[in-house]
file protein00.tsv (TSV, C-alpha atoms)
chain	number	residue	atom	x	y	z
A	1	MET	CA	426.74	225.16	35.90
A	2	THR	CA	428.08	228.52	34.70
A	3	ALA	CA	429.20	229.83	31.33
A	4	GLU	CA	432.77	229.81	32.61
A	5	THR	CA	432.69	226.11	33.55
A	6	PRO	CA	430.46	224.32	31.01
A	7	GLY	CA	431.59	220.84	32.05
A	8	LEU	CA	433.71	220.16	28.98
A	9	ALA	CA	436.51	217.59	28.91
A	10	PRO	CA	440.00	218.76	27.84
A	11	VAL	CA	441.12	217.61	24.40
A	12	GLY	CA	444.56	216.54	23.21
A	13	ARG	CA	446.67	218.08	20.50
A	14	ASP	CA	446.23	215.30	17.95
A	15	THR	CA	443.41	215.93	15.43
A	16	VAL	CA	442.45	218.84	17.65
A	17	GLN	CA	439.94	220.40	15.25
A	18	ASP	CA	437.80	217.29	15.01
A	19	ARG	CA	438.11	216.59	18.71
A	20	VAL	CA	436.97	220.10	19.64
A	21	TYR	CA	434.00	219.75	17.31
A	22	THR	CA	433.17	216.30	18.72
A	23	GLU	CA	433.34	217.53	22.31
A	24	LEU	CA	431.16	220.58	21.66
A	25	ARG	CA	428.72	218.36	19.77
A	26	ARG	CA	428.59	215.94	22.71
A	27	ALA	CA	428.00	218.85	25.07
A	28	LEU	CA	425.09	220.14	23.00
A	29	ILE	CA	423.45	216.72	22.67
A	30	GLY	CA	423.82	216.25	26.42
A	31	GLY	CA	422.34	219.67	27.11
A	32	LEU	CA	425.42	221.04	28.87
A	33	PHE	CA	424.60	224.44	27.38
A	34	ALA	CA	421.30	226.12	28.21
A	35	PRO	CA	418.86	227.46	25.61
A	36	GLY	CA	419.76	231.08	24.86
A	37	GLN	CA	423.25	230.78	26.39
A	38	VAL	CA	425.90	232.91	24.68
A	39	LEU	CA	429.14	231.03	24.01
A	40	THR	CA	432.46	232.85	23.83
A	41	ILE	CA	435.40	231.44	21.93
A	42	ARG	CA	437.87	232.35	24.66
A	43	GLN	CA	435.91	230.66	27.45
A	44	LEU	CA	435.39	227.52	25.39
A	45	ALA	CA	439.06	227.40	24.42
A	46	ASP	CA	440.07	227.69	28.07
A	47	ALA	CA	437.63	224.95	29.12
A	48	LEU	CA	438.87	222.65	26.34
A	49	VAL	CA	442.52	223.54	27.00
A	50	THR	CA	443.17	224.44	23.40
A	51	SER	CA	443.66	227.50	21.18
A	52	THR	CA	440.86	229.65	19.82
A	53	MET	CA	441.21	228.62	16.15
A	54	PRO	CA	439.78	225.07	16.40
A	55	VAL	CA	436.98	226.39	18.60
A	56	ARG	CA	436.13	229.06	16.04
A	57	GLU	CA	436.03	226.44	13.28
A	58	ALA	CA	433.90	224.05	15.35
A	59	LEU	CA	431.40	226.79	16.14
A	60	GLY	CA	431.14	227.56	12.43
A	61	ARG	CA	430.32	223.93	11.68
A	62	LEU	CA	427.71	223.84	14.45
A	63	ILE	CA	426.10	227.04	13.17
A	64	THR	CA	425.82	225.41	9.74
A	65	GLU	CA	424.11	222.43	11.40
A	66	GLN	CA	421.66	224.82	13.10
A	67	ALA	CA	422.75	223.67	16.54
A	68	LEU	CA	424.00	227.21	17.24
A	69	GLU	CA	423.15	230.59	15.79
A	70	MET	CA	425.09	233.74	15.00
A	71	LEU	CA	423.64	236.96	16.39
A	72	PRO	CA	423.84	240.33	14.57
A	73	SER	CA	426.47	241.30	17.15
A	74	ARG	CA	428.59	238.34	15.88
A	75	GLN	CA	428.10	236.53	19.18
A	76	VAL	CA	427.29	232.83	19.07
A	77	ARG	CA	424.46	231.42	21.17
A	78	VAL	CA	422.41	228.30	21.70
A	79	PRO	CA	419.00	228.90	20.07
A	80	PRO	CA	416.47	229.96	22.71
A	81	VAL	CA	413.29	228.08	23.56
A	82	THR	CA	410.48	229.34	21.32
A	83	MET	CA	407.10	227.85	20.54
A	84	GLY	CA	407.95	227.58	16.86
A	85	ARG	CA	411.24	225.79	17.48
A	86	ILE	CA	409.63	223.36	19.92
A	87	GLU	CA	406.87	222.46	17.46
A	88	ASP	CA	409.24	222.15	14.50
A	89	LEU	CA	411.71	219.90	16.30
A	90	LEU	CA	408.99	217.70	17.77
A	91	ARG	CA	407.22	217.25	14.44
A	92	THR	CA	410.45	216.31	12.69
A	93	ARG	CA	411.62	213.98	15.44
A	94	ILE	CA	408.31	212.11	15.37
A	95	LEU	CA	408.63	211.61	11.61
A	96	ILE	CA	412.28	210.57	11.51
A	97	GLU	CA	412.67	208.72	14.80
A	98	GLY	CA	409.27	207.11	14.43
A	99	GLU	CA	410.37	205.54	11.15
A	100	ALA	CA	413.64	204.33	12.69
A	101	MET	CA	411.71	202.80	15.59
A	102	ALA	CA	409.34	200.96	13.23
A	103	LEU	CA	412.26	199.61	11.20
A	104	ALA	CA	414.00	198.43	14.36
A	105	ALA	CA	410.88	196.58	15.52
A	106	HIS	CA	411.01	194.36	12.44
A	107	GLN	CA	414.62	193.26	12.87
A	108	ILE	CA	415.85	193.92	16.40
A	109	SER	CA	417.85	191.08	17.92
A	110	PRO	CA	417.40	189.49	21.36
A	111	HIS	CA	420.87	190.81	22.22
A	112	VAL	CA	419.77	194.42	21.62
A	113	VAL	CA	416.57	193.88	23.61
A	114	ALA	CA	418.66	192.52	26.48
A	115	SER	CA	420.90	195.58	26.27
A	116	LEU	CA	417.85	197.86	26.45
A	117	ARG	CA	416.58	196.00	29.51
A	118	ALA	CA	419.99	196.46	31.14
A	119	ILE	CA	419.88	200.20	30.47
A	120	MET	CA	416.41	200.40	32.01
A	121	LEU	CA	417.57	198.46	35.07
A	122	GLU	CA	420.34	201.02	35.54
A	123	TRP	CA	417.74	203.78	35.03
A	124	GLU	CA	415.48	202.35	37.74
A	125	GLU	CA	418.41	201.99	40.13
A	126	MET	CA	419.30	205.62	39.46
A	127	ARG	CA	415.74	206.76	40.18
A	128	ALA	CA	415.67	204.69	43.38
A	129	GLY	CA	418.79	206.52	44.50
A	130	GLY	CA	416.79	209.75	44.80
A	131	ALA	CA	418.23	213.26	44.70
A	132	GLY	CA	421.81	212.06	44.89
A	133	GLU	CA	421.79	211.11	41.21
A	134	SER	CA	422.54	213.81	38.66
A	135	VAL	CA	420.66	215.05	35.64
A	136	ASP	CA	423.78	214.15	33.65
A	137	LYS	CA	423.18	210.47	34.39
A	138	GLU	CA	419.58	210.63	33.23
A	139	VAL	CA	420.56	212.41	30.02
A	140	THR	CA	423.30	209.84	29.36
A	141	LEU	CA	421.01	206.85	29.90
A	142	ASN	CA	418.27	208.38	27.77
A	143	HIS	CA	420.71	208.88	24.91
A	144	ALA	CA	422.13	205.36	25.28
A	145	PHE	CA	418.65	203.83	25.25
A	146	HIS	CA	417.43	205.57	22.12
A	147	PHE	CA	420.58	205.16	20.07
A	148	GLU	CA	420.85	201.47	20.94
A	149	ILE	CA	417.55	201.19	19.06
A	150	TYR	CA	418.35	203.55	16.21
A	151	ARG	CA	421.61	201.76	15.44
A	152	ALA	CA	419.56	198.57	15.13
A	153	CYS	CA	417.14	200.03	12.57
A	154	GLY	CA	419.46	199.13	9.68
A	155	SER	CA	419.43	202.58	8.03
A	156	SER	CA	422.70	204.41	7.54
A	157	VAL	CA	420.75	207.38	6.17
A	158	LEU	CA	418.37	207.88	9.11
A	159	LEU	CA	421.03	207.70	11.82
A	160	PRO	CA	422.89	210.96	10.98
A	161	MET	CA	419.53	212.71	10.59
A	162	ILE	CA	418.56	211.60	14.09
A	163	GLU	CA	421.94	212.68	15.46
A	164	SER	CA	421.38	216.13	13.96
A	165	LEU	CA	417.93	216.36	15.55
A	166	TRP	CA	419.33	215.39	18.95
A	167	LEU	CA	422.08	217.95	18.49
A	168	GLN	CA	419.42	220.64	18.12
A	169	SER	CA	417.15	219.18	20.82
A	170	GLY	CA	419.73	218.60	23.57
A	171	PRO	CA	419.40	221.99	25.32
A	172	LEU	CA	415.59	221.74	25.21
A	173	THR	CA	415.55	218.19	26.56
A	174	ARG	CA	417.74	219.11	29.49
A	175	ALA	CA	415.60	222.18	30.20
A	176	ALA	CA	412.56	219.88	30.31
A	177	ILE	CA	414.26	217.51	32.78
A	178	TYR	CA	414.90	220.44	35.11
A	179	ALA	CA	411.31	221.60	34.62
A	180	PHE	CA	410.02	218.15	35.58
A	181	SER	CA	412.21	218.23	38.67
A	182	GLU	CA	410.93	221.67	39.71
A	183	ALA	CA	407.34	220.50	39.34
A	184	GLY	CA	407.91	217.21	41.13
A	185	ALA	CA	406.78	215.32	38.00
A	186	ASN	CA	407.44	211.62	37.58
A	187	ASP	CA	409.92	210.51	34.96
A	188	ALA	CA	408.95	208.91	31.66
A	189	ALA	CA	410.59	205.51	32.29
A	190	ARG	CA	407.26	203.83	31.68
A	191	HIS	CA	407.40	204.87	28.02
A	192	HIS	CA	410.84	203.30	27.70
A	193	HIS	CA	409.55	200.06	29.23
A	194	ASP	CA	406.64	200.12	26.77
A	195	ILE	CA	409.08	200.59	23.90
A	196	VAL	CA	411.15	197.61	25.01
A	197	GLU	CA	408.13	195.34	25.27
A	198	ALA	CA	406.83	196.44	21.86
A	199	LEU	CA	410.22	195.84	20.25
A	200	ALA	CA	410.52	192.43	21.90
A	201	ALA	CA	407.11	191.53	20.43
A	202	GLY	CA	408.00	192.91	17.00
A	203	ASP	CA	405.06	195.34	17.23
A	204	ALA	CA	406.13	198.31	15.11
A	205	ALA	CA	402.92	200.31	15.65
A	206	ALA	CA	403.10	200.01	19.43
A	207	ALA	CA	406.82	200.83	19.46
A	208	ARG	CA	406.23	203.95	17.38
A	209	ALA	CA	403.29	205.05	19.56
A	210	SER	CA	405.34	204.65	22.74
A	211	LEU	CA	408.20	206.61	21.19
A	212	VAL	CA	405.84	209.44	20.22
A	213	ALA	CA	404.52	209.55	23.81
A	214	ASP	CA	408.07	209.54	25.14
A	215	ILE	CA	409.52	212.36	23.04
A	216	SER	CA	406.32	214.43	23.05
A	217	ARG	CA	406.20	214.68	26.84
A	218	PRO	CA	409.18	217.03	27.39
A	219	PHE	CA	408.24	219.20	24.42
A	220	ALA	CA	404.62	219.47	25.62
A	221	TYR	CA	405.85	220.42	29.08
A	222	LEU	CA	408.10	223.13	27.68
A	223	LYS	CA	405.28	224.47	25.50
A	224	ASP	CA	403.02	224.66	28.54
A	225	LYS	CA	405.71	226.36	30.62
A	226	LEU	CA	406.44	228.81	27.81
A	227	GLY	CA	402.75	229.55	27.34
A	228	LYS	CA	402.24	230.25	31.02
A	229	GLY	CA	405.24	232.53	31.06
A	230	ALA	CA	403.85	234.51	28.14
A	231	THR	CA	400.56	235.14	29.95
A	232	LYS	CA	402.14	236.51	33.11
call {"tool": "encode", "arguments": {"input": "protein00.tsv", "output": "structure tokens"}}
result
Amino acid sequence: MTAETPGLAPVGRDTVQDRVYTELRRALIGGLFAPGQVLTIRQLADALVTSTMPVREALGRLITEQALEMLPSRQVRVPPVTMGRIEDLLRTRILIEGEAMALAAHQISPHVVASLRAIMLEWEEMRAGGAGESVDKEVTLNHAFHFEIYRACGSSVLLPMIESLWLQSGPLTRAAIYAFSEAGANDAARHHHDIVEALAAGDAAAARASLVADISRPFAYLKDKLGKGATK
């Protein structure tokens, strides 16, 4: 993936401002932009097949949401991977998503549990397919799995908070997936299976603990990688 071809889908002319914002938001959550990547309005407008004005406005909204940052040079970039950012995001995600997971455990329906099992079956089939499957697929399934649970937690207040955290975490999560691949590390599907079983049993403590193990793993890996790079 290059800065010129960030994998964005073209948007139509109707409600173009919101659609540009939604598409850039989706791209950030999915990690289509790398940590530290500089984004130019012209390149994004070309990729989205739209004018520069809605892109400029969408970037402004995303800067306000701390998903992007404005540099002194007035360039816009994805925040880079730093130890402080990793620790801050992880700590906040554990607090917010952990609470949503515990709430879901007390009221999740058999239908949602069945949906989670179906997602995990697709995940396992993807992993069995080997190198032919893309990182995009893994990112998509991971998002689908977690938000199937969070939507079932019954809190309309927690959900947008979680979406904001994923918006800020997307580039880091994707970087971790690539790091795992480079190191030949196994995926974290076991944590997802543990979450499903805990939810099916209505065990809020076990569900929360499995979630913490799941979301801590990529952040811990990035911290280790960043630490090793600093000592070289």
call {"tool": "residues_around", "arguments": {"input": "protein00.tsv", "residues": "A:Leu24", "least_positions_apart": "6", "cutoff": "9 Å", "atoms": "only C-alpha atoms", "output": "list of chain:residue names"}}
result
A:Leu8, A:Leu44, A:Val55, A:Ala58, A:Leu59, A:Leu62
call {"tool": "residues_around", "arguments": {"input": "protein00.tsv", "residues": "A:Pro79", "least_positions_apart": "6", "cutoff": "12 Å", "atoms": "only C-alpha atoms", "output": "list in words"}}
result
Leu28, Phe33, Ala34, Pro35, Gly36, Gln37, Val38, Leu39, Leu62, Ile63, Glu65, Gln66, Ala67, Leu68, Glu69, Met70, Leu71, Arg85, Ile86, Leu167, Gln168, Ser169, Gly170, Pro171 and Leu172 of chain A
call {"tool": "write_last_selection", "arguments": {"input": "protein00.tsv", "atoms": "C-alpha atoms", "output": "short mmCIF file (atom, residue, chain, number, x, y, z; two decimals), in the frame of the given file"}}
result
data_model
loop_
_atom_site.label_atom_id
_atom_site.label_comp_id
_atom_site.auth_asym_id
_atom_site.auth_seq_id
_atom_site.Cartn_x
_atom_site.Cartn_y
_atom_site.Cartn_z
CA LEU A 28 425.09 220.14 23.00
CA PHE A 33 424.60 224.44 27.38
CA ALA A 34 421.30 226.12 28.21
CA PRO A 35 418.86 227.46 25.61
CA GLY A 36 419.76 231.08 24.86
CA GLN A 37 423.25 230.78 26.39
CA VAL A 38 425.90 232.91 24.68
CA LEU A 39 429.14 231.03 24.01
CA LEU A 62 427.71 223.84 14.45
CA ILE A 63 426.10 227.04 13.17
CA GLU A 65 424.11 222.43 11.40
CA GLN A 66 421.66 224.82 13.10
CA ALA A 67 422.75 223.67 16.54
CA LEU A 68 424.00 227.21 17.24
CA GLU A 69 423.15 230.59 15.79
CA MET A 70 425.09 233.74 15.00
CA LEU A 71 423.64 236.96 16.39
CA ARG A 85 411.24 225.79 17.48
CA ILE A 86 409.63 223.36 19.92
CA LEU A 167 422.08 217.95 18.49
CA GLN A 168 419.42 220.64 18.12
CA SER A 169 417.15 219.18 20.82
CA GLY A 170 419.73 218.60 23.57
CA PRO A 171 419.40 221.99 25.32
CA LEU A 172 415.59 221.74 25.21
#
call {"tool": "atom_distance", "arguments": {"input": "protein00.tsv", "atom1": "atom CA of A:Val112", "atom2": "atom CA of A:Val212"}}
result
20.5 Å
call {"tool": "residues_around", "arguments": {"input": "protein00.tsv", "residues": "stretch 91-93 of chain A", "least_positions_apart": "6", "cutoff": "9 Å", "atoms": "all atoms listed in the file", "output": "list in words"}}
result
Ile162, Leu165, Trp166, Val212 and Ile215 of chain A
call {"tool": "closest_residue", "arguments": {"input": "protein00.tsv", "among": "A:Glu97, A:Glu138, A:Asp194, A:Asp203", "to": "A:Cys153", "atoms": "only C-alpha atoms"}}
result
A:Glu97
call {"tool": "closest_residue", "arguments": {"input": "protein00.tsv", "among": "A:Met120, A:Ala128, A:Leu158, A:Ala204", "to": "A:His192", "atoms": "all atoms listed in the file"}}
result
A:Met120
call {"tool": "closest_residue", "arguments": {"input": "protein00.tsv", "among": "A:His143, A:His193, A:Arg77, A:Arg174", "to": "A:Leu32", "atoms": "only C-alpha atoms"}}
result
A:Arg174
call {"tool": "atom_distance", "arguments": {"input": "protein00.tsv", "atom1": "atom CA of A:Ala176", "atom2": "atom CA of A:Pro218"}}
result
5.3 Å
call {"tool": "atom_distance", "arguments": {"input": "protein00.tsv", "atom1": "atom CA of A:Gly30", "atom2": "atom CA of A:Val139"}}
result
6.2 Å
call {"tool": "closest_residue", "arguments": {"input": "protein00.tsv", "among": "A:Val81, A:Ala144, A:Ile96, A:Ala114", "to": "A:Ile29", "atoms": "all atoms listed in the file"}}
result
A:Ala144
call {"tool": "closest_residue", "arguments": {"input": "protein00.tsv", "among": "A:Ser164, A:Ala198, A:Ile108, A:Tyr150", "to": "A:Arg25", "atoms": "all atoms listed in the file"}}
result
A:Ser164
call {"tool": "closest_residue", "arguments": {"input": "protein00.tsv", "among": "A:Val78, A:Leu226, A:Ala105, A:Thr173", "to": "A:Arg151", "atoms": "all atoms listed in the file"}}
result
A:Ala105
call {"tool": "residues_near_point", "arguments": {"input": "protein00.tsv", "point": "(417.0, 196.4, 32.9)", "cutoff": "12 Å", "atoms": "only C-alpha atoms", "output": "number ranges by chain"}}
result
A: 112-126, 141, 145, 189, 192-193, 196-197
